[in-house]
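Some notes on the structure that comes next.
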Amino acid sequence: MKSWRLIVFVLVAFAQLAVPASLIWKREQTLRHGSVWKFRTAPVDPVDAFRGRYVALQFEAETQEITPPPNVGSGETVFVTLKQNAVGFAEIDQVSLTKPSADDFFEAQLSGKTVALPFDKYWVTERDAPAAEAAYRNLSRRDNQNAFVTVRVFRGDAAIEQLYLDNQPLPDYLRANAPTK
């Protein structure tokens, strides 16, 4: 009887470790092997009480009207492939219900005639959050769009790699524009 309990305990412990480990492994594979895509952003600014501060992102690609697959409604999961526009930013190329054969796609939610991208938060430290939010807001206005992110895309997963402000990675931008004391 005790050996049965020990076996169940070991299996449950293994499952509890395997699930988060597999999620971490998948994200690391995406960040190591994924193709890099640049997405132009638009401003928003919230806080998550449990996970900390982040810069909430919106993307021009989310306003791009697409032709959804037939008989597919809002909220359904679709597969998205990308193409690069003339100035080097990502645009939605195709939306499909079937998984593409290439590695360079991700899953997203259909939202009417647009796609809601699965990445929309760039996490920052509590210390850097106020400056990052203010800088992002200033550099992603309609009259001053100078913010973008690089996103790695690999086998159905997409992960934000870096937020760029004024063509500099966020940490470099914050260091270069820190108020002098």
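Note on naming: chains are A, B, ... as they come in the structure tokens, residues start from 1 per chain, ligands start from 1 in the order shown.
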Problem - DSSP strand (DSSP E) residues within range 30-181 of chain A, as a count of residues only - result: 69
Problem - Members of chain A assigned helix (DSSP H, G or I) by DSSP, as a PyMOL selection string - result: chain A and resi 2-33+60-63+129-138+170-176
Exercise for the section: Find the residues near range 172-175 of chain A: any atom within 10 Å, counting only C-alpha atoms, skip ones fewer than 6 places away on the same chain, and give them as a PyMOL selection string. Expected result: chain A and resi 128+131-132+135+164-166
Handout entry: Gap from CA of Phe89 in chain A to CA of Gln64 in chain A - Å, one decimal
Key =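 Those two atoms sit 12.9 Å apart.
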Wanna dump the range 101-162 of chain A-range 69-88 of chain A contacts at 12 Å for me, each residue with its shortest atom pair and the distance in Å to one decimal, counting only C-alpha atoms, ordered by chain and number, as CSV?
residue,atom,partner,partner_atom,distance
A:Ser101,CA,A:Thr81,CA,10.7
A:Ala102,CA,A:Thr81,CA,9.2
A:Asp103,CA,A:Thr81,CA,9.6
A:Asp104,CA,A:Thr81,CA,6.7
A:Phe105,CA,A:Thr81,CA,4.8
A:Phe106,CA,A:Val80,CA,5.5
A:Glu107,CA,A:Phe79,CA,4.7
A:Ala108,CA,A:Val78,CA,5.5
A:Gln109,CA,A:Thr77,CA,4.7
A:Leu110,CA,A:Ser74,CA,5.1
A:Ser111,CA,A:Ser74,CA,4.7
A:Gly112,CA,A:Ser74,CA,5.1
A:Lys113,CA,A:Ser74,CA,8.3
A:Thr114,CA,A:Ser74,CA,9.1
A:Val115,CA,A:Val80,CA,8.6
A:Ala116,CA,A:Gly75,CA,9.0
A:Leu117,CA,A:Val80,CA,9.2
A:Pro118,CA,A:Thr77,CA,10.4
A:Phe148,CA,A:Gly88,CA,11.2
A:Thr150,CA,A:Gly88,CA,11.2
A:Val151,CA,A:Leu82,CA,11.5
A:Arg152,CA,A:Leu82,CA,11.7
A:Val153,CA,A:Thr81,CA,9.5
A:Phe154,CA,A:Thr81,CA,10.8
A:Arg155,CA,A:Phe79,CA,10.4
A:Gly156,CA,A:Phe79,CA,7.6
A:Asp157,CA,A:Phe79,CA,10.2
A:Ala158,CA,A:Val80,CA,10.6
Practice task
For CA of Glu161 in chain A and CA of Leu31 in chain A, quote the distance in Å rounded to one decimal.
Solution key: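 Computing the Euclidean distance for CA of Glu161 in chain A and CA of Leu31 in chain A yields 7.1 Å.
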Exercise for the section: Counting only C-alpha atoms, figure out which residue out of A:Ala90, A:Ala176, A:Leu17, A:Ile7 gets nearest to Glu60 in chain A. Expected result: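 Of A:Ala90, A:Ala176, A:Leu17, A:Ile7, the one nearest Glu60 in chain A, counting only C-alpha atoms, is A:Ala90.
Counting only C-alpha atoms, the residue from A:Leu57, A:Val124, A:Pro130, A:Leu139 that sits nearest to Pro171 in chain A is A:Val124.
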Exercise for the section: Determine the nearest neighbour of Glu91 in chain A from the options A:Tyr54, A:Trp37, A:Trp123, A:Trp25, counting only C-alpha atoms. Expected result: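 That would be A:Trp37, the residue with the smallest distance to Glu91 in chain A.
Between CA of Tyr122 in chain A and CA of Gln145 in chain A there is a distance of 17.4 Å.
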